[in-house]
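Colleague: I'd like to ask you about the structure that follows.
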Amino acid sequence: MEALELARWQFGITTVYHFILVPLTIGLSPLVAIMQTAWVRTGNERWLRLTKFFGKLLLINFALGVATGIVQEFQFGMNWSEYSRFVGDVFGAPLAMEALAAFFVESTFLGLWIFGWDKLPKRIHLACIWAVAIATTLSAYFILAANSWMQHPVGAVFNTETGRAEMVDIGAVLTNVTLLAAFPHTITAALLTGGTFVAGIAAWWMVRLVRAGRAEEARDVYRPAVMLGVVTMIVAGIGIGASGDWQAKLMFDQQPMKMASAEALCESEDGASFSILTIGDLSNSCDGVAHVIEIPGLTSYLATGDFSAPIEGVEDLQARYEAEYGEGVDYRPNLLVTYWSFRLMIGLAAGSVALSLAALWLTRRGRVTGNVWFARLGIWAIPMPFLASSFGWIFTEMGRQPWVVVPNPNPTGVDGVWMLTARGVSTAVGPGAVLASMITFTVIYGVLGVIWFRLIRRYAVQGVADSEVDPSPDGPNGRRPDHPDEPDDASDRPLSFAY
Amino acid sequence: MELSTVWFILIAVLWTGYLVLEGFDFGVGMLLPVLGRGDKDRRLMINTIGPVWDGNEVWLLTAGGATFAAFPEWYATMFSGFYLPLLLILLALIVRVVAFEWRGKIDDPAWRAWADRALVVGSWVPAVLWGVAFGNLVRGVHLDADHQYVGTFFDLLNPYALLGGATTGLIFLTHGAVFLALKTQGDMRHAAGALAQRLALVTAGVAGAFAVWTQVAYSVGWTWVATAVAAAGLAALVVTTRLRREGRAFLASAVTIVAAVVLIFGSMYPDVMPALDPANSLTVDNASSTPYTLTVMTWVAVVLTPVVLLYQGWTYWVFRKRISTAHIPEHTGLTFERV
């Protein structure tokens with residue numbers, strides 16, 4: 001394989017992997033913050049126990065998310081130096097802003113939250129986890145600003161002298177309409193991930209306790225967690241649908257090739273159908289594609305709001321791109337990948353939302369259930385949003401090919417700011433080096449992924465601690481507030497948390 | 001002053017923040033097998049940096065992001081050119097991060113032994129390799145007319161750069177020992193203090209040699225000031241560690257690191273990445289972003305950096321107390337075997 005193929009594989013592997021962890025961090029940290037808020041406001045110890053329980057799971061996940069995130073900051077320069085030269089003037093800004101505005105907050109306040117249980121006043125300590133939750137979301141905003149610019153460049157011009165894209169309007173970059181749609185979609189998808197995680201684990205525990213004859217405890221501790229998770233899932237599901245619909249409409253306009261290939265729509269059609277199952281060889285050949293099950297007119301409706309609107313097919317788009325951007329390039333993304341990743345994204349997300357409705361029914365009016373199937377479905381639901389997010393990104397990024405920066409088709413858009421992926425790869429790095437790094441990353445990520453899974457599973461089956469009441473005389477979370485700096489207040493007491 | 005020069009200085013500031021802060025947590029990790037004879041000692045060491053190491057590391061990510069935004073050519077050439085060393089650094093940082101967070105999660109000596117290995121390797125590798133990288137940046141590397149790195153991996157392992165690696169390794173080792181003496185009580189405090197005293201002498205010799213080599217071979221007149229400050233810092237370090245003035249010793253090692261960064265960046269300026277053939281060098285002018293981007297980023301940095309310093313400073317204040325093994329609670333980790 002060439003350095004280009006290897007560099008693409010490496011980027012795909014490291015980025016998809018990173019984004020298995022990120023949605024859980026973004027989705028779970030506000031839920032932990034809500035649990036802790038409930039504890040601070042009501043004083044009900046169940047919320048403290050849940051905060052600590054899900055907090056531990058959050059931290060196990062957070063660590064690997066941070067570790068794999070480091071690579072992302074440097075990988076553009078390492079493997080995609082020509083891309084970096086071309087876009088750095090625009091693309092670097094949101095990355096640097098993310099580090100300064102969000103990443104610092106996240107890391108610093110997470111440290112304060114982990115170690116601060118008995119060092120900070122209750123409300124300040126609570127504010128720390130909220131700072132983490134808000135910063136992870138803000139972080140997503142800046143990263144999506146960078147990504148959205150690759151999908152739909154705005155606020156930049158092409159400098160013919162230097163051959164680089166140059167930023168002329170940071171406001172446009174940070175309010176890119178592609179970003180405004182992608183941000184709620186990503187955040188609600190993360191909330192679905194976090195909600196399913198909380199609801200699934202709590203549902204499993206609820207069933208387990210009910211079957212062990214401890215229904216009261218199940219009702220007292222786990223049912224509220226199931227409800228919190230389920231409500232989050234439903235709200236997130238609605239948000240995902242609404243933002244996804246908006247994204248699809250934008251995409252038909254901004255990246256018609258991506259949507260045409262998502263539908264395996266080879267020829268242009270009026271009133272294009274939405275295909276549910278397609279068979280045949282989709283690997284970049286339109287010969288022999290057979291749509292088996294389809295909903296008439298739905299694709300046209302999704303694109304434009306009109307069931308009979310004409311939609312351009314892949315073949316016509318290829319001809320149009322050749323005329324505009326030069327011949328000799330296959331402008332079609334991998335049809336098999338885009339078609340199926342799009343369907344898997346929708347199906348898996350819809351699946352976990354559907355399960356949340358079942359959960360709502362089974363726990364109606366204060367009920368708890370000992371139905372084993374409920375526990376099983378709860379556990380099976382957990383990976384669904386993770387996979388849906390991964391497929392969503394695989395679709396977004398693979399559907400962008402062969403471009404790394406997709407030309408903005410809008411006549412008022414930016415001129416000349418586009419780049420083929422093949423042009424972006426580092427010229428100074430040989431295939432041997434990329435192969436070595438790809439293998440090392442894959443092996444290390446694989447090992448760490450196994451440990452991550454085992455740790456999360458182990459801590460999940462441990463359940464909430466019996467009691468989180470601090471045995472010390474000052475009570476939980478507590479320095480005596482009247483003597484915050486009393487010298488031997490805590491001098492010999494063990495730390496409330498230590499590595 | 002040109003904005004590109006302002007950004008050169010700002011990136012130096014970010015590296016200063018990174019090396020001063022992460023420098024001591026690298027040192028603590030490097031010293032685990034030396035000062036951490038028992039598990040409780042090792043846990044004590046790890047917990048002196050527990051609340052802060054993650055925030056310290058963000059300085060690096062910010063330096064990386066800021067280089068991308070302000071000097072895309074520098075970012076592209078440096079990271080594609082220093083591919084293998086950077087790969088090693090990234091792998092080291094990855095295992096280091098998870099080892100901190102996961103070490104205490106499983107109560108099993110073999111598990112902790114693995115985490116300790118990851119912490120030690122994860123701290124030594126970047127501590128030394130950053131010095132090698134900076135040595136090469138100061139010395140100059142093989143760049144062609146398109147600013148592409150055309151040297152090999154082994155070109156990076158020249159004597160000067162290797163001395164740079166030894167210098168950063170030793171400085172962080174000492175910085176970490178001084179930090180441990182400052183943050184602990186009891187046996188650890190004494191052991192760390194005694195070690196710092198011995199390390200300070202070696203560090204002063206090696207770092208002094210590197211500073212003089214840098215100054216004489218690669219630098220300009222005004223950086224003699226930085227070299228002098230670094231020398232004074234090293235001398236103060238030798239004296240204060242002998243006197244067990246822990247706070248001042250920490251100040252001395254921090255000042256040494258600041259002076260070293262000034263010397264290194266001062267030697268490079270106006271190049272950001274000097275080439276062995278000066279015509280091919282990347283400079284603050286030919287590597288930088290447009291004035292518009294630099295203006296935007298200047299506003300962001302000027303507003304946000306003081307805020308970051310404020311809340312990171314507050315974190316250090318919250319966790320200002322010394323700790324001893326008495327403060328380390330019993331293990332709360334689980335075992336993989338379910339009961």
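By convention here, the chains of the structure tokens are called A, B, ... in the order presented, each chain's residues are numbered starting at 1, and ligands are numbered starting at 1 in the order presented.
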I'd like the neighbourhood of Ala249 (chain B) as a list in words, where a residue qualifies if any of its atoms comes within 9 Å (using only C-alpha atoms), though same-chain residues fewer than 3 positions away should be ignored.
Modeller: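 With the cut-off at 9 Å, the set is His175, Val178, Phe179, Leu182, Ala236, Leu237, Val238, Val239, Thr240, Thr241, Arg244, Arg245, Glu246, Ala252, Ser253 and Ala254 of chain B.
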Colleague: Could you pull the residues within 10 Å of Ala7 (chain A), counting only C-alpha atoms, minus those fewer than 4 positions along the same chain, as a ChimeraX atom specification?
Modeller: /A:1-3,11-13,75,78-80,425-426,429,431,433-435,437-438
Colleague: With a distance cut-off of 6 Å and only C-alpha atoms, select the neighbouring residues of region 191-201 of chain A, excluding the residue or stretch itself and same-chain residues fewer than 2 positions from it, and output the selection as number ranges by chain.
Modeller: A: 24, 27-28, 188-189, 203-204, 226, 229-230, 232-233, 236, 378-379, 382, 385
Colleague: Taking C-alpha atoms for each residue, export the selection above as a short mmCIF file (atom, residue, chain, number, x, y, z; two decimals), in the first residue's frame.
Modeller:
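Here's the written file selection06.cif:
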data_model
loop_
_atom_site.label_atom_id
_atom_site.label_comp_id
_atom_site.auth_asym_id
_atom_site.auth_seq_id
_atom_site.Cartn_x
_atom_site.Cartn_y
_atom_site.Cartn_z
CA LEU A 24 -19.76 8.88 26.25
CA GLY A 27 -23.11 12.55 27.13
CA LEU A 28 -22.30 11.19 30.56
CA THR A 188 -27.75 14.92 20.96
CA ALA A 189 -26.10 11.75 19.66
CA ALA A 203 -32.12 -1.20 34.19
CA TRP A 204 -29.90 -4.26 34.50
CA VAL A 226 -33.37 4.57 34.63
CA GLY A 229 -31.41 7.93 31.28
CA VAL A 230 -34.65 7.23 29.45
CA THR A 232 -32.40 11.88 28.14
CA MET A 233 -32.68 9.26 25.39
CA ALA A 236 -31.91 13.27 22.48
CA GLY A 378 -30.87 -2.62 28.49
CA ILE A 379 -27.39 -4.09 28.10
CA ILE A 382 -25.70 0.32 25.30
CA PRO A 385 -25.55 4.65 20.04
#
Colleague: Using only C-alpha atoms, which of the listed residues (A:Leu420, A:Ala145, A:Ile170, A:Val207) sits closest to chain B?
Modeller: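 Among the listed residues, the smallest separation from chain B belongs to A:Ile170.
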